[in-house]
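Below is upload28.txt, which holds compact mmCIF, C-alpha atoms.
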```txt
# COMPACT_ATOMS: atom_id res chain seq x y z
CA MET A 247 268.96 106.32 76.41
CA GLN A 248 269.84 109.29 78.64
CA ILE A 249 267.97 109.74 81.92
CA THR A 250 268.22 112.39 84.64
CA ILE A 251 267.42 111.41 88.24
CA LEU A 252 266.56 114.24 90.62
CA GLY A 253 267.72 113.21 94.09
CA ALA A 254 270.58 111.02 95.28
CA GLY A 255 268.97 108.96 98.03
CA ASN A 256 268.41 105.23 98.37
CA MET A 257 265.71 105.06 95.71
CA SER A 258 267.96 106.94 93.31
CA ARG A 259 270.66 104.35 93.99
CA GLY A 260 268.30 101.46 93.31
CA ILE A 261 266.70 102.88 90.18
CA ALA A 262 270.06 104.01 88.77
CA THR A 263 271.43 100.50 89.33
CA ARG A 264 268.61 99.02 87.23
CA LEU A 265 269.01 101.66 84.51
CA LEU A 266 272.74 101.04 84.30
CA ALA A 267 272.07 97.31 84.09
CA GLY A 268 269.99 98.15 81.03
CA SER A 269 272.96 100.01 79.49
CA HIS A 270 271.47 103.49 79.82
CA GLU A 271 273.28 106.73 80.60
CA VAL A 272 272.30 108.21 83.98
CA HIS A 273 272.80 111.75 85.28
CA ILE A 274 272.13 112.22 89.03
CA LEU A 275 271.40 115.68 90.47
CA ASP A 276 271.11 116.55 94.15
CA ARG A 277 271.05 119.68 96.32
CA ASP A 278 274.27 118.38 97.85
CA ALA A 279 276.76 118.02 95.00
CA GLY A 280 279.00 115.92 97.23
CA HIS A 281 276.16 113.51 97.94
CA ALA A 282 275.52 113.05 94.22
CA ALA A 283 279.25 112.58 93.55
CA THR A 284 279.53 109.95 96.29
CA LEU A 285 276.62 107.98 94.87
CA VAL A 286 278.04 108.19 91.36
CA ASP A 287 281.41 106.92 92.57
CA GLU A 288 279.65 103.98 94.23
CA LEU A 289 277.69 103.19 91.09
CA ARG A 290 280.79 103.36 88.94
CA GLY A 291 282.35 100.77 91.22
CA VAL A 292 279.60 98.22 90.59
CA SER A 293 278.65 98.99 87.01
CA GLU A 294 280.29 99.61 83.68
CA GLY A 295 277.46 101.94 82.71
CA ARG A 296 277.84 105.66 82.15
CA VAL A 297 276.81 107.75 85.15
CA SER A 298 277.59 111.34 86.13
CA PRO A 299 276.79 113.69 89.05
CA GLY A 300 275.49 117.24 89.22
CA THR A 301 273.63 119.73 91.37
CA LEU A 302 269.89 120.44 91.37
CA GLY A 303 269.46 123.40 89.10
CA ASP A 304 271.76 121.95 86.44
CA ASP A 305 270.30 121.18 83.02
CA LEU A 306 268.24 118.04 82.50
CA VAL A 307 269.90 115.43 80.31
CA GLY A 308 267.69 113.28 78.10
CA GLU A 309 263.96 112.94 77.53
CA ILE A 310 263.24 111.13 80.82
CA VAL A 311 263.38 112.71 84.27
CA ILE A 312 262.87 110.64 87.42
CA LEU A 313 261.66 112.51 90.49
CA ALA A 314 263.39 110.47 93.22
CA VAL A 315 262.71 112.71 96.21
CA PRO A 316 260.14 112.62 99.06
CA TYR A 317 256.74 113.99 98.13
CA VAL A 318 257.19 116.96 100.46
CA ALA A 319 260.13 118.11 98.33
CA ALA A 320 258.59 117.36 94.95
CA SER A 321 256.57 120.55 94.44
CA ARG A 322 259.57 122.78 95.08
CA ILE A 323 261.73 120.90 92.59
CA VAL A 324 258.98 120.77 89.96
CA LYS A 325 258.50 124.52 90.33
CA GLU A 326 262.24 125.09 89.97
CA TYR A 327 262.38 123.02 86.78
CA TYR A 328 258.96 124.00 85.42
CA ASP A 329 260.02 125.36 82.02
CA ARG A 330 262.64 122.67 81.50
CA LEU A 331 260.11 119.87 82.10
CA ALA A 332 258.21 120.78 78.95
CA ASP A 333 258.09 117.83 76.50
CA LYS A 334 259.79 115.53 79.03
CA ILE A 335 258.57 112.26 80.53
CA LEU A 336 258.49 112.83 84.29
CA VAL A 337 258.47 109.69 86.44
CA ASP A 338 256.95 110.23 89.88
CA ILE A 339 258.02 107.59 92.42
CA THR A 340 256.67 109.32 95.53
CA ASN A 341 254.41 107.96 98.27
CA PRO A 342 252.58 110.83 100.01
CA ILE A 343 252.53 109.23 103.44
CA ASN A 344 251.50 111.28 106.45
CA ALA A 345 253.69 111.90 109.50
CA THR A 346 252.18 109.05 111.51
CA TYR A 347 252.51 106.50 108.67
CA ASP A 348 248.85 105.53 108.88
CA GLY A 349 247.43 107.28 105.83
CA LEU A 350 248.09 109.40 102.77
CA SER A 351 248.74 113.12 103.05
CA VAL A 352 246.83 114.06 99.88
CA ALA A 353 243.05 114.45 99.60
CA ALA A 354 240.94 111.37 98.93
CA ASP A 355 240.00 112.51 95.43
CA THR A 356 243.56 112.93 94.14
CA SER A 357 247.09 111.50 94.33
CA ALA A 358 250.66 112.68 94.47
CA GLY A 359 251.01 111.74 90.82
CA GLN A 360 248.03 113.88 89.81
CA GLU A 361 249.13 116.83 91.93
CA ILE A 362 252.61 116.72 90.40
CA ALA A 363 251.07 116.54 86.92
CA LYS A 364 248.98 119.65 87.66
CA ALA A 365 252.19 121.52 88.55
CA THR A 366 253.99 120.71 85.28
CA PRO A 367 253.66 122.13 81.76
CA GLU A 368 250.86 120.69 79.65
CA SER A 369 253.39 118.93 77.42
CA THR A 370 255.00 117.08 80.35
CA ARG A 371 253.95 113.44 80.40
CA VAL A 372 253.79 112.18 83.98
CA VAL A 373 254.12 108.46 84.71
CA LYS A 374 253.70 106.98 88.18
CA ALA A 375 256.15 104.12 88.75
CA PHE A 376 258.49 102.50 91.29
CA ASN A 377 256.48 103.65 94.33
CA THR A 378 255.58 100.05 95.22
CA THR A 379 259.20 98.84 95.05
CA PHE A 380 261.79 99.27 97.79
CA ALA A 381 265.26 100.70 97.29
CA GLY A 382 267.13 97.63 98.47
CA THR A 383 265.25 95.22 96.21
CA LEU A 384 265.98 97.41 93.19
CA LEU A 385 269.70 96.76 93.62
CA SER A 386 269.24 93.19 92.40
CA GLY A 387 265.90 93.71 90.65
CA GLU A 388 264.39 90.61 92.23
CA VAL A 389 263.09 89.06 95.44
CA ALA A 390 263.15 85.31 96.19
CA GLY A 391 264.17 84.58 92.61
CA HIS A 392 261.28 86.56 91.10
CA PRO A 393 261.91 89.70 89.04
CA LEU A 394 260.32 92.79 90.52
CA ASP A 395 256.92 93.87 89.25
CA VAL A 396 256.93 97.63 88.62
CA LEU A 397 253.37 98.97 88.49
CA LEU A 398 252.88 102.13 86.46
CA ALA A 399 250.08 104.55 85.65
CA GLY A 400 249.82 107.47 83.25
CA ASP A 401 247.68 109.16 80.65
CA ASP A 402 250.16 109.01 77.74
CA ALA A 403 250.48 105.56 76.16
CA ASP A 404 253.79 106.31 74.45
CA ALA A 405 255.34 107.63 77.66
CA LYS A 406 254.25 104.51 79.54
CA ALA A 407 255.62 102.30 76.79
CA THR A 408 258.99 104.08 77.03
CA ILE A 409 259.16 103.60 80.81
CA ALA A 410 257.99 99.99 80.47
CA LYS A 411 260.89 99.37 78.08
CA LEU A 412 263.37 100.81 80.60
CA ILE A 413 261.91 98.55 83.28
CA GLU A 414 262.23 95.47 81.05
CA MET A 415 265.81 96.33 80.10
CA GLY A 416 266.64 96.53 83.81
CA GLY A 417 265.49 92.94 84.30
CA MET A 418 262.08 93.69 85.82
CA ARG A 419 258.45 93.34 84.72
CA PRO A 420 256.30 96.41 83.99
CA LEU A 421 252.57 96.22 84.74
CA ASP A 422 250.40 99.01 83.34
CA VAL A 423 247.44 99.70 85.65
CA GLY A 424 245.90 102.39 83.49
CA ALA A 425 245.39 106.16 83.64
CA LEU A 426 247.14 108.51 86.05
CA VAL A 427 243.98 108.72 88.17
CA ARG A 428 244.88 105.19 89.34
CA ALA A 429 248.07 106.50 90.92
CA ARG A 430 245.92 106.93 94.03
CA TYR A 431 245.57 103.15 94.28
CA LEU A 432 249.26 102.59 93.68
CA GLU A 433 250.06 105.04 96.47
CA GLY A 434 247.65 103.19 98.76
CA MET A 435 249.39 99.95 97.85
CA GLY A 436 252.73 101.59 98.58
CA LEU A 437 251.47 102.65 102.02
CA VAL A 438 250.21 99.15 102.87
CA HIS A 439 253.47 97.60 101.68
CA ILE A 440 255.44 99.95 103.92
CA MET A 441 253.18 99.29 106.93
CA LEU A 442 253.59 95.52 106.49
CA GLN A 443 257.35 95.81 106.94
CA PHE A 444 256.83 96.56 110.63
CA SER A 445 254.36 93.74 111.31
CA MET A 446 256.14 91.14 109.16
CA GLY A 447 259.67 92.13 110.06
CA THR A 448 260.80 91.92 106.44
CA GLY A 449 263.10 94.92 106.68
CA PHE A 450 261.94 96.52 103.43
CA GLY A 451 263.12 93.46 101.55
CA SER A 452 259.75 92.24 100.27
CA ALA A 453 258.05 92.86 96.95
CA VAL A 454 254.54 93.25 95.56
CA LYS A 455 254.28 90.43 93.02
CA ILE A 456 251.45 89.33 90.72
CA LEU A 457 251.55 85.59 90.08
CA SER A 458 249.31 83.48 87.89
```
Would you encode the structure as structure tokens?
Amino acid sequence: MQITILGAGNMSRGIATRLLAGSHEVHILDRDAGHAATLVDELRGVSEGRVSPGTLGDDLVGEIVILAVPYVAASRIVKEYYDRLADKILVDITNPINATYDGLSVAADTSAGQEIAKATPESTRVVKAFNTTFAGTLLSGEVAGHPLDVLLAGDDADAKATIAKLIEMGGMRPLDVGALVRARYLEGMGLVHIMLQFSMGTGFGSAVKILS
């Protein structure tokens, strides 16, 4: 499968590593073409998968687009790609955390996932995923011998099934929490997980895991 990742930061590195482990083709776009090229060179060095760089504004490759940028940058990129997001699956990984890291920056009756969905064409299927996983843990896809749980939410069952399959092929476990309205709870979980890093001293190396 072909996937475009918008952004070439640490989360892009981690998610791309898992996608390449699942034998997918990844196209990474960034405002800084050199930044994207550097990441692609790094990924080529650790994977036999197909990966290529580009610049934000370039065409989207494949049915799936992963929005791997901070929430504050998401609306601008979605606006820039508005027409080209029609009929795509858009994966939102953002956590809308405020400047003091003690709350969410979106209103209590919404979520980053829902706000991004409002800004896309009606035919765009938005799936919230990867916001409760950290970049470093995605490199291996596991913590303490346990595969990562990737919680996802969305209103389109087929879109969620497609993203769940990508997650499984990357060696992780997808957990569907329901409709996109529940992205608010995932973002709250993401905030708590981030806050715990400072009190626990885990250095963003922990994972949210459901055991039974």
Original post:
Hey, what's within 10 Å of Ala453 (chain A) if we count all atoms listed in the file and toss same-chain stuff fewer than 4 positions away? As a list in words, please?
Top reply: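 Neighbouring residues, sequence-local ones excluded: Thr378, Thr379, Phe380, Thr383, Leu384, Glu388, Val389, Ala390, His392, Pro393, Leu394, Asp395, Val396, His439 and Thr448 of chain A.
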**OP:** Would you be able to write out as number ranges by chain which residues have an atom within 9 Å of (271.2, 121.1, 89.6) in the file's coordinates, counting only C-alpha atoms?
**Re:** A: 252, 274-277, 279, 300-306
So that I have them on file, write out the residues from the current selection with C-alpha atoms, as a PDB file, in the coordinates of the input.
```pdb
ATOM      1  CA  LEU A 252     266.560 114.240  90.620  1.00  0.00           C
ATOM      2  CA  ILE A 274     272.130 112.220  89.030  1.00  0.00           C
ATOM      3  CA  LEU A 275     271.400 115.680  90.470  1.00  0.00           C
ATOM      4  CA  ASP A 276     271.110 116.550  94.150  1.00  0.00           C
ATOM      5  CA  ARG A 277     271.050 119.680  96.320  1.00  0.00           C
ATOM      6  CA  ALA A 279     276.760 118.020  95.000  1.00  0.00           C
ATOM      7  CA  GLY A 300     275.490 117.240  89.220  1.00  0.00           C
ATOM      8  CA  THR A 301     273.630 119.730  91.370  1.00  0.00           C
ATOM      9  CA  LEU A 302     269.890 120.440  91.370  1.00  0.00           C
ATOM     10  CA  GLY A 303     269.460 123.400  89.100  1.00  0.00           C
ATOM     11  CA  ASP A 304     271.760 121.950  86.440  1.00  0.00           C
ATOM     12  CA  ASP A 305     270.300 121.180  83.020  1.00  0.00           C
ATOM     13  CA  LEU A 306     268.240 118.040  82.500  1.00  0.00           C
TER      14      LEU A 306
END
```
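The nearest approach to Tyr327 (chain A) among the residues A:Ala365, A:Val297, A:Met446, A:Leu350, with all atoms listed in the file taken into account, belongs to A:Ala365.
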Residues within 12 Å of Arg330 (chain A), only C-alpha atoms, excluding chain neighbours under 5 positions, as a PDB file with C-alpha atoms, keeping the file's coordinate frame:
```pdb
ATOM      1  CA  GLY A 303     269.460 123.400  89.100  1.00  0.00           C
ATOM      2  CA  ASP A 304     271.760 121.950  86.440  1.00  0.00           C
ATOM      3  CA  ASP A 305     270.300 121.180  83.020  1.00  0.00           C
ATOM      4  CA  LEU A 306     268.240 118.040  82.500  1.00  0.00           C
ATOM      5  CA  VAL A 307     269.900 115.430  80.310  1.00  0.00           C
ATOM      6  CA  GLY A 308     267.690 113.280  78.100  1.00  0.00           C
ATOM      7  CA  GLU A 309     263.960 112.940  77.530  1.00  0.00           C
ATOM      8  CA  ILE A 310     263.240 111.130  80.820  1.00  0.00           C
ATOM      9  CA  VAL A 311     263.380 112.710  84.270  1.00  0.00           C
ATOM     10  CA  ILE A 323     261.730 120.900  92.590  1.00  0.00           C
ATOM     11  CA  VAL A 324     258.980 120.770  89.960  1.00  0.00           C
ATOM     12  CA  LYS A 325     258.500 124.520  90.330  1.00  0.00           C
ATOM     13  CA  ILE A 335     258.570 112.260  80.530  1.00  0.00           C
ATOM     14  CA  LEU A 336     258.490 112.830  84.290  1.00  0.00           C
ATOM     15  CA  THR A 366     253.990 120.710  85.280  1.00  0.00           C
ATOM     16  CA  PRO A 367     253.660 122.130  81.760  1.00  0.00           C
ATOM     17  CA  SER A 369     253.390 118.930  77.420  1.00  0.00           C
ATOM     18  CA  THR A 370     255.000 117.080  80.350  1.00  0.00           C
TER      19      THR A 370
END
```
**OP:** Between A:Met441, A:Ala254, A:Ala314, A:Ile413, single out the one closest to Leu289 (chain A), counting all atoms listed in the file.
**Re:**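 Of all the options, A:Ala254 lies closest to Leu289 (chain A).
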Report as AutoDock Vina command-line options the centre and the edge lengths, in Å to one decimal, of the axis-aligned box holding every listed atom of region 259-268 of chain A, padded by 5 Å on each side.
```
--center_x 269.7 --center_y 100.8 --center_z 87.5 --size_x 16.0 --size_y 17.0 --size_z 23.0
```
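Distance annotation: of A:Ala405, A:Leu437, A:Met415, A:Leu426, the residue with the minimal separation from Glu361 (chain A) is A:Leu426; atom set is all atoms listed in the file.
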**OP:** Have a look at A:Val315, A:Tyr347, A:Ala320, A:Ile339 and name the one nearest to Gln443 (chain A); count only C-alpha atoms.
**Re:**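 Counting only C-alpha atoms, the residue closest to Gln443 (chain A) is A:Tyr347.
With distances restricted to all atoms listed in the file, A:Leu285 is the closest residue to Gly260 (chain A) from A:Ala429, A:Leu398, A:Leu285, A:Ile362.
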Original post:
Which value, in Å to one decimal, gives the distance between CA of Glu271 (chain A) and CA of Lys455 (chain A)?
Top reply: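 CA of Glu271 (chain A) sits 27.9 Å away from CA of Lys455 (chain A).
Picture a line from CA of Leu421 (chain A) to CA of Val373 (chain A); it runs 12.3 Å.
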**OP:** Rounded to one decimal place, report the CA of Gly387 (chain A)-CA of Met418 (chain A) distance in Å.
**Re:** 6.2 Å
Subject >> Among listed residues A:Ala399, A:Val454, A:Ala283, A:Ala332, nearest Ile440 (chain A) (using only C-alpha atoms) >> reply: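 Of all the options, A:Val454 lies closest to Ile440 (chain A).
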**OP:** Taking the point (271.4, 107.2, 84.6) as given in the file, collect each protein or nucleic acid residue that comes within 10 Å of it, counting only C-alpha atoms, and present the set as a PyMOL selection string.
**Re:** chain A and resi 247-251+258-259+261-274+286+289+295-299+307-308+310-312
